[in-house]
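Remarks on the structure that follows.
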Number of protein chains: 2
Amino acid sequence: MKKVKFAVIGAGNIGSFHIGYLNDGKVSGCELVAVCDTNPAKLDNIQKQYGDKFKLYSTDEEVFQDPNIDAVIVATPHYDHPVLAIAAMEAGKHVLIEKPAGVYTKKVREMNEVAEQHPELTFGLVYNQRMNPFYQKVRKLVQEGAIGEIRRTNWIITTWYRSQSYYNSGGWRATWKGEGGGVLLNQDPHQIDLWQWICGMPKRVYSFAYFGKQRDIEVEDEVTAFVEYPNGATGVFVTSVSEVAGTNRLEIMGSQGKIVIENNKLQMWKSVIDEAEFNATWDGGFGEPEVWKIDVPMEPFKDDGHMKVTQNFVNHILHDEELLAPGTDGIKGLSISNAMHLSTWLGEWVDLPIDEDKYYEELKKRIDSSKEKETADQVLDTSTTY
Amino acid sequence: MKKVKFAVIGAGNIGSFHIGYLNDGKVSGCELVAVCDTNPAKLDNIQKQYGDKFKLYSTDEEVFQDPNIDAVIVATPHYDHPVLAIAAMEAGKHVLIEKPAGVYTKKVREMNEVAEQHPELTFGLVYNQRMNPFYQKVRKLVQEGAIGEIRRTNWIITTWYRSQSYYNSGGWRATWKGEGGGVLLNQDPHQIDLWQWICGMPKRVYSFAYFGKQRDIEVEDEVTAFVEYPNGATGVFVTSVSEVAGTNRLEIMGSQGKIVIENNKLQMWKSVIDEAEFNATWDGGFGEPEVWKIDVPMEPFKDDGHMKVTQNFVNHILHDEELLAPGTDGIKGLSISNAMHLSTWLGEWVDLPIDEDKYYEELKKRIDSSKEKETADQVLDTSTTY
């Protein structure tokens with residue numbers, strides 16, 4: 001294989017974005033050969049913009065049957081991610097799916113099982129924030145033990161401002177039936193994935209989610225969740241779509257120091273002795289270990305994660321480069337967000353791994369009473385988001 | 001009355017601090033005439049340090065019967081604060097009590113009722129952090145509506161590092177019987193008071209408190225609490241005594257902006273239009289209001305709050321200056337911390353005002369099984385804390 005031949009399935013907001021950079025040749029070793037959407041208006045848009053550059057398909061079956069296509073990018077509404085990934089792999093296509101991995105882990109587990117049966121295929125997930133050098137650096141520091149054992153984590157991620165107008169731009173948006181969740185499913189998968197990628201999986205979750213609080217939507221638009229980790233550490237995750245000066249601040253407190261990422265700055269503090277050791281030996285009453293503030297040099301952040309994910313995916317296919325965001329990893333963050341939903345629905349602690357049947361049962365109740373909004377689907381400019 | 005004549009009751013850590021600055025003449029319009037402690041060793045210490053400058057009393061009754069004493073500062077263990085405040089007011093003395101106002105609101109309410117019967121007496125509380133210009137400024141900004149209506153609050157206050165050695169310095173410390181609580185009662189009353197002073201009282205609390213998690217103590221050494229306010233806003237309060245690079249960060253998110261205090265810096269962001277109005281009128285899909293980052297000039301913080309509280313207390317007695325930290329305000333913060341305890345004990349939401357009898361009943365269970373530690377009482381140097 002000289003070049004990986006891509007089809008993009010779904011020509012909505014994020015699909016159009018993938019089409020754009022692939023068409024611009026921003027990813028080497030590949031070419032875009034087909035675009036698929038079930039909505040004829042969206043295909044018309046693509047044809048108007050790109051002429052006859054790509055084959056245009058109105059069903060995914062046609063994509064999967066096209067022997068000229070090596071790999072597909074799935075950029076449809078969330079529920080279809082695992083469905084189409086399974087179909088793609090069964091048709092022998094490499095597959096790169098948009099986040100989230102799906103809406104509920106029961107289905108995502110099915111997808112992962114199919115992936116295991118196809119080790120010859122590359123299965124990736126667009127966790128573009130894993131390409132962010134800040135989070136890569138923090139992960140490395142934490143894994144190397146730079147701040148000792150994790151004691152407490154805290155992520156406030158409220159920079160996901162979304163207006164009512166945004167929610168009205170698609171009938172499926174922010175409905176249980178069409179999207180299966182709100183900010184946790186659409187915007188936060190990045191941060192929830194990074195949170196577990198850096199700090200590990202929690203063992204249980206207690207969550208305070210609010211549904212349609214500041215927006216006229218069925219799903220959650222504000223959440224505060226509290227977690228406990230296996231080692232006894234605790235964590236807080238706060239998110240909202242309606243804050244005008246939103247915060248994106250990750251704090252990780254270890255037994256020997258602290259790392260904070262906020263305002264595109266990584267700050268680290270490190271004590272000269274682990275807190276546990278200091279505490280065991282100090283006999284002076286008041287007093288605490290000496291702490292150093294450390295400037296960690298960082299390259300300025302470039303918002304090119306999507307392209308890097310796709311490049312890494314292509315390189316994995318062509319050259320067996322290590323895949324940084326394997327598709328099978330998607331179940332981890334989704335388990336956490338499912339647990340956040342379930343905890344609020346039940347008003348109780350939810351242990352991980354979650355009871356997948358219970359989750360689906362509760363979700364199904366909400367799907368059954370869900371109403372698709374009457375609104376024309378629009379393709380929005382995503383150039384200012386990720 | 002020319003000069004207010006003070007007695008300090010309790011010559012432990014914080015009592016010694018009050019004695020020191022009063023003796024140094026740091027507060028005008030007053031003089032220290034007596035010191036009282038039930039522990040003869042502590043009175044000996046005072047005599048060694050100050051000679052015969054003050055009358056030394058070994059019982060509080062003697063203080064209350066001394067007609068030469070106008071006002072008392074109560075710096076005893078927490079349980080005695082309301083007991084001694086009541087006795088002082090009934091003896092016709094002005095009274096300034098250390099924080100917290102007490103251990104449980106049932107008793108503090110009694111104290112407040114006695115205070116109401118004595119409008120001729122000045123009743124103050126050493127909430128020295130109310131004198132901090134940062135919090136005064138934030139309160140003013142919030143009250144003036146600079147950031148619109150409060151939507152979310154978040155206080156991470158983990159700079160209260162305390163080693164096991166500190167806890168071992170007094171047999172009463174960090175026991176249910178002797179202290180009645182841990183970090184919430186001893187260190188956090190400042191922040192919990194400021195939180196409600198600036199943002200208002202929550203309507204209900206759900207709390208995750210850990211007792212003796214990182215220290216060998218009976219009481220809580222780490223807490224994360226979630227609150228809801230009457231207007232639907234939410235809040236998080238995180239505290240711990242075992243973090244070596246502790247955080248002290250207050251974030252207040254309003255419908256029109258955000259204020260953050262961290263690392264002795266006050267930062268404000270303000271949008272040009274209230275979020276609710278923007279959301280109601282915007283029709284462009286993605287998009288959010290323009291936000292201004294505003295530098296608010298602040299004088300550097302001086303750690304002289306204790307003296308300012310005492311000066312304000314003296315000025316209120318002598319010149320009727322407005323009392324910035326009235327003793328009767330103490331019940332507010334204490335209600336919140338009692339609610340945090342109670343929520344974890346019961347594993348459920350606790351509404352405010354709390355059920356005071358229920359709280360005392362639960363506390364009493366813990367007092368009854370509480371064990372005083374066998375350790376010599378030490379007076380520690382408090383010059384590095386507040």
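Ligands are numbered from 1 in the order shown, residues from 1 within each chain, and chains are lettered A, B, ... in the order they appear in the structure tokens.
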- request: Hey, list the chain B side of the contact with chain A: 8 Å cut-off, only C-alpha atoms, answer as a PyMOL selection string.
  value: chain B and resi 161-169+242-245+253-258+269-271+275+279-280+282-289+291+380-382
Residue selection dump (N, CA and C atoms) as a CSV table (one decimal), in the first residue's frame:
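Ended up saving to selection_23.csv:
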```csv
chain,number,residue,atom,x,y,z
B,161,TYR,N,-1.3,22.8,55.8
B,161,TYR,CA,-0.5,21.7,56.2
B,161,TYR,C,-0.4,21.5,57.7
B,162,ARG,N,-0.7,20.3,58.2
B,162,ARG,CA,-0.5,20.0,59.6
B,162,ARG,C,0.1,18.6,59.7
B,163,SER,N,1.2,18.5,60.4
B,163,SER,CA,1.9,17.2,60.5
B,163,SER,C,1.3,16.5,61.7
B,164,GLN,N,1.6,15.2,61.8
B,164,GLN,CA,1.2,14.4,63.0
B,164,GLN,C,1.8,15.1,64.3
B,165,SER,N,3.0,15.6,64.2
B,165,SER,CA,3.6,16.3,65.3
B,165,SER,C,2.7,17.4,65.9
B,166,TYR,N,2.1,18.2,65.0
B,166,TYR,CA,1.2,19.2,65.4
B,166,TYR,C,0.0,18.6,66.2
B,167,TYR,N,-0.6,17.6,65.6
B,167,TYR,CA,-1.7,17.0,66.3
B,167,TYR,C,-1.4,16.4,67.6
B,168,ASN,N,-0.1,15.9,67.7
B,168,ASN,CA,0.3,15.3,69.0
B,168,ASN,C,0.7,16.4,70.1
B,169,SER,N,0.6,17.7,69.7
B,169,SER,CA,1.1,18.7,70.6
B,169,SER,C,0.1,19.1,71.7
B,242,SER,N,-2.9,17.7,54.4
B,242,SER,CA,-1.6,16.9,54.2
B,242,SER,C,-1.0,17.1,52.8
B,243,GLU,N,-1.3,18.3,52.2
B,243,GLU,CA,-0.7,18.6,50.9
B,243,GLU,C,0.5,19.5,51.0
B,244,VAL,N,1.6,19.1,50.4
B,244,VAL,CA,2.8,19.9,50.6
B,244,VAL,C,3.0,21.1,49.7
B,245,ALA,N,2.2,21.2,48.7
B,245,ALA,CA,2.3,22.4,47.8
B,245,ALA,C,0.8,22.8,47.7
B,253,MET,N,-17.8,32.2,39.6
B,253,MET,CA,-18.3,32.4,38.2
B,253,MET,C,-19.7,33.0,38.2
B,254,GLY,N,-19.8,34.2,37.5
B,254,GLY,CA,-21.1,34.8,37.4
B,254,GLY,C,-21.6,34.7,36.0
B,255,SER,N,-22.8,35.2,35.8
B,255,SER,CA,-23.4,35.2,34.5
B,255,SER,C,-22.7,36.2,33.6
B,256,GLN,N,-21.9,37.1,34.2
B,256,GLN,CA,-21.3,38.0,33.3
B,256,GLN,C,-19.7,38.1,33.5
B,257,GLY,N,-19.2,37.1,34.1
B,257,GLY,CA,-17.7,37.1,34.3
B,257,GLY,C,-17.3,36.2,35.4
B,258,LYS,N,-16.0,36.4,35.8
B,258,LYS,CA,-15.4,35.5,36.7
B,258,LYS,C,-14.4,36.2,37.5
B,269,TRP,N,-12.4,38.6,34.9
B,269,TRP,CA,-12.8,38.6,33.5
B,269,TRP,C,-14.3,39.0,33.5
B,270,LYS,N,-14.6,39.8,32.5
B,270,LYS,CA,-16.0,40.4,32.4
B,270,LYS,C,-16.4,40.3,31.0
B,271,SER,N,-17.6,39.8,30.7
B,271,SER,CA,-18.1,39.8,29.4
B,271,SER,C,-18.9,41.1,29.1
B,275,GLU,N,-24.5,36.7,30.0
B,275,GLU,CA,-24.6,35.4,29.3
B,275,GLU,C,-26.0,35.1,29.0
B,279,ASN,N,-27.3,34.6,25.2
B,279,ASN,CA,-27.8,33.3,24.8
B,279,ASN,C,-29.2,33.5,24.2
B,280,ALA,N,-30.0,34.5,24.7
B,280,ALA,CA,-31.4,34.6,24.3
B,280,ALA,C,-31.4,35.3,22.9
B,282,TRP,N,-28.4,35.5,20.5
B,282,TRP,CA,-27.4,35.0,19.5
B,282,TRP,C,-28.1,33.9,18.6
B,283,ASP,N,-27.8,34.0,17.3
B,283,ASP,CA,-28.3,33.0,16.4
B,283,ASP,C,-27.3,32.4,15.5
B,284,GLY,N,-26.0,32.5,15.9
B,284,GLY,CA,-24.9,32.1,15.0
B,284,GLY,C,-24.3,30.8,15.3
B,285,GLY,N,-25.0,29.9,16.0
B,285,GLY,CA,-24.4,28.6,16.3
B,285,GLY,C,-23.3,28.7,17.3
B,286,PHE,N,-22.1,28.3,16.9
B,286,PHE,CA,-20.9,28.5,17.7
B,286,PHE,C,-20.7,30.0,17.9
B,287,GLY,N,-20.1,30.4,19.0
B,287,GLY,CA,-20.0,31.9,19.2
B,287,GLY,C,-20.3,32.2,20.7
B,288,GLU,N,-19.6,33.2,21.2
B,288,GLU,CA,-19.8,33.5,22.6
B,288,GLU,C,-19.5,35.0,22.8
B,289,PRO,N,-19.9,35.6,23.9
B,289,PRO,CA,-19.7,37.0,24.1
B,289,PRO,C,-18.2,37.4,24.2
B,291,VAL,N,-15.1,38.8,26.0
B,291,VAL,CA,-14.8,38.8,27.4
B,291,VAL,C,-13.5,39.6,27.6
B,380,LEU,N,2.7,26.2,70.8
B,380,LEU,CA,3.5,26.2,69.5
B,380,LEU,C,3.7,27.6,69.0
B,381,ASP,N,4.7,27.9,68.2
B,381,ASP,CA,4.9,29.1,67.6
B,381,ASP,C,3.9,29.3,66.4
B,382,THR,N,3.0,30.3,66.5
B,382,THR,CA,2.0,30.4,65.5
B,382,THR,C,2.3,31.5,64.5
```
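For Gln267 of chain A, the residues within 7 Å (counting only C-alpha atoms, excluding itself and residues fewer than 3 positions away along the chain) are Ile259, Val260, Ile261, Ile294, Asp295 and Val296 of chain A.
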For the selection you just gave me, I'd like the residues written to a file as a PDB file, in the first residue's frame, keeping C-alpha atoms.
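Resulting contents of out.pdb:
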```pdb
ATOM      1  CA  ILE A 259       1.139  20.148  38.781  1.00  0.00           C
ATOM      2  CA  VAL A 260      -1.303  22.728  37.448  1.00  0.00           C
ATOM      3  CA  ILE A 261      -2.214  23.430  33.838  1.00  0.00           C
ATOM      4  CA  ILE A 294       9.739  24.680  39.065  1.00  0.00           C
ATOM      5  CA  ASP A 295       9.397  26.217  35.620  1.00  0.00           C
ATOM      6  CA  VAL A 296       8.916  23.425  33.115  1.00  0.00           C
TER       7      VAL A 296
END
```
Skip Thr38 of chain A itself and residues of its chain fewer than 4 positions away, then list as an mmCIF file with N, CA, C and O atoms, in the first residue's frame all residues within 10 Å of it, counting only C-alpha atoms.
```
data_model
loop_
_atom_site.group_PDB
_atom_site.id
_atom_site.type_symbol
_atom_site.label_atom_id
_atom_site.label_comp_id
_atom_site.auth_asym_id
_atom_site.auth_seq_id
_atom_site.Cartn_x
_atom_site.Cartn_y
_atom_site.Cartn_z
ATOM 1 N N ILE A 9 -17.148 9.326 6.604
ATOM 2 C CA ILE A 9 -18.591 9.076 6.733
ATOM 3 C C ILE A 9 -19.173 10.112 7.681
ATOM 4 O O ILE A 9 -18.812 10.155 8.856
ATOM 5 N N GLY A 10 -20.070 10.930 7.151
ATOM 6 C CA GLY A 10 -20.651 12.010 7.949
ATOM 7 C C GLY A 10 -20.033 13.335 7.549
ATOM 8 O O GLY A 10 -18.870 13.592 7.846
ATOM 9 N N ALA A 11 -20.809 14.169 6.868
ATOM 10 C CA ALA A 11 -20.275 15.444 6.382
ATOM 11 C C ALA A 11 -20.885 16.616 7.144
ATOM 12 O O ALA A 11 -21.252 17.643 6.578
ATOM 13 N N LYS A 42 -26.246 17.615 2.338
ATOM 14 C CA LYS A 42 -24.854 17.713 2.773
ATOM 15 C C LYS A 42 -23.901 17.255 1.667
ATOM 16 O O LYS A 42 -22.827 17.830 1.479
ATOM 17 N N LEU A 43 -24.303 16.227 0.933
ATOM 18 C CA LEU A 43 -23.477 15.796 -0.205
ATOM 19 C C LEU A 43 -23.420 16.886 -1.269
ATOM 20 O O LEU A 43 -22.370 17.127 -1.883
ATOM 21 N N TYR A 57 -21.126 9.024 -1.598
ATOM 22 C CA TYR A 57 -22.012 7.904 -1.292
ATOM 23 C C TYR A 57 -23.094 8.347 -0.324
ATOM 24 O O TYR A 57 -22.842 9.133 0.588
ATOM 25 N N SER A 58 -24.294 7.782 -0.522
ATOM 26 C CA SER A 58 -25.389 8.150 0.390
ATOM 27 C C SER A 58 -25.683 7.054 1.406
ATOM 28 O O SER A 58 -26.532 7.233 2.277
ATOM 29 N N THR A 59 -24.986 5.925 1.294
ATOM 30 C CA THR A 59 -25.144 4.882 2.322
ATOM 31 C C THR A 59 -23.750 4.363 2.699
ATOM 32 O O THR A 59 -22.837 4.315 1.863
ATOM 33 N N ASP A 60 -23.626 3.971 3.946
ATOM 34 C CA ASP A 60 -22.327 3.467 4.381
ATOM 35 C C ASP A 60 -22.019 2.102 3.760
ATOM 36 O O ASP A 60 -20.853 1.750 3.588
#
```
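Coordinates place atom CA of Cys199 of chain A at a distance of 11.0 Å from atom CA of Leu250 of chain A.
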Option closest in space to Leu184 of chain A, from A:Gly200, A:Pro40, A:Pro300, A:Gly333 [counting only C-alpha atoms]: A:Gly333
query: For the atom pair atom CA of Phe6 of chain A and atom CA of Ala325 of chain A, what is the interatomic distance in Å to one decimal place?
result: 18.3 Å
task: Taking the DSSP assignment computed from this structure's backbone, write out as a ChimeraX atom specification all residues of segment 13-259 of chain B that belong to strand (DSSP E).
output: /B:30-36,55-57,71-74,94-97,123-125,150-157,204-211,220-228,234-240,248-254,257-259
message: Using only C-alpha atoms, which protein or nucleic acid residues come within 8 Å of Val27 of chain B? Drop anything in the same chain fewer than 2 positions from it, and give the result as an NGL selection string.
response: :B and (21-22 or 25 or 29-30 or 307-308 or 310-311)
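Across the structure, atom CA of Leu324 of chain B and atom CA of Leu141 of chain B are spaced 17.4 Å apart.
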message: Show me, as JSON, numbers by chain, the residues that have an atom within 8 Å of segment 82-97 of chain A when counting only C-alpha atoms, minus same-chain residues fewer than 4 positions from it.
response: {"A": [60, 64, 65, 69, 70, 71, 72, 73, 74, 75, 101, 102, 107, 108, 111, 114, 115, 118, 121, 122, 123, 124, 125, 126, 310, 313, 327]}
field: Contact residues around Asp355 of chain B with only C-alpha atoms at 10 Å, ignoring same-chain residues under 2 positions, as a PyMOL selection string
entry: chain B and resi 105-106+335+338-339+342+350-353+357-360
Selection above as a file: N, CA, C and O atoms, as a compact mmCIF listing (two decimals), in the first residue's frame:
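As a result, result-v2.txt now contains:
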```
# COMPACT_ATOMS: atom_id res chain seq x y z
N THR B 105 -24.10 24.20 66.31
CA THR B 105 -24.90 25.43 66.20
C THR B 105 -25.94 25.57 67.31
O THR B 105 -26.33 26.68 67.64
N LYS B 106 -26.35 24.46 67.88
CA LYS B 106 -27.33 24.50 68.98
C LYS B 106 -26.80 25.40 70.10
O LYS B 106 -27.52 26.27 70.60
N SER B 335 -22.73 26.56 60.57
CA SER B 335 -23.84 25.78 60.01
C SER B 335 -23.36 25.01 58.78
O SER B 335 -23.74 23.86 58.57
N ASN B 338 -20.97 22.21 59.98
CA ASN B 338 -21.80 21.17 60.61
C ASN B 338 -22.53 20.35 59.53
O ASN B 338 -22.61 19.13 59.60
N ALA B 339 -23.04 21.03 58.52
CA ALA B 339 -23.74 20.35 57.43
C ALA B 339 -22.79 19.42 56.68
O ALA B 339 -23.17 18.33 56.25
N LEU B 342 -22.38 16.38 58.88
CA LEU B 342 -23.61 15.61 58.96
C LEU B 342 -23.90 14.86 57.66
O LEU B 342 -24.33 13.70 57.67
N VAL B 350 -27.88 17.41 53.11
CA VAL B 350 -28.31 18.10 54.33
C VAL B 350 -28.78 19.50 53.95
O VAL B 350 -28.04 20.28 53.34
N ASP B 351 -30.04 19.79 54.28
CA ASP B 351 -30.59 21.11 54.00
C ASP B 351 -30.17 22.09 55.08
O ASP B 351 -30.01 21.73 56.24
N LEU B 352 -30.02 23.36 54.68
CA LEU B 352 -29.76 24.43 55.63
C LEU B 352 -31.04 25.24 55.81
O LEU B 352 -31.74 25.46 54.82
N PRO B 353 -31.37 25.73 57.00
CA PRO B 353 -30.62 25.50 58.24
C PRO B 353 -30.67 24.02 58.65
O PRO B 353 -31.67 23.35 58.38
N ASP B 357 -30.62 19.47 66.46
CA ASP B 357 -30.68 18.36 67.43
C ASP B 357 -30.07 17.11 66.83
O ASP B 357 -29.32 16.39 67.49
N LYS B 358 -30.38 16.87 65.56
CA LYS B 358 -29.83 15.71 64.87
C LYS B 358 -28.30 15.81 64.85
O LYS B 358 -27.59 14.83 65.08
N TYR B 359 -27.80 17.01 64.54
CA TYR B 359 -26.35 17.18 64.50
C TYR B 359 -25.74 16.87 65.85
O TYR B 359 -24.75 16.14 65.96
N TYR B 360 -26.32 17.43 66.90
CA TYR B 360 -25.74 17.24 68.22
C TYR B 360 -25.79 15.77 68.64
O TYR B 360 -24.85 15.24 69.23
```
message: Just list as a list of chain:residue names whatever in segment 73-111 of chain B DSSP marks as helix (DSSP H, G or I).
response: B:Asp80, B:His81, B:Pro82, B:Val83, B:Leu84, B:Ala85, B:Ile86, B:Ala87, B:Ala88, B:Met89, B:Glu90, B:Thr105, B:Lys106, B:Lys107, B:Val108, B:Arg109, B:Glu110, B:Met111
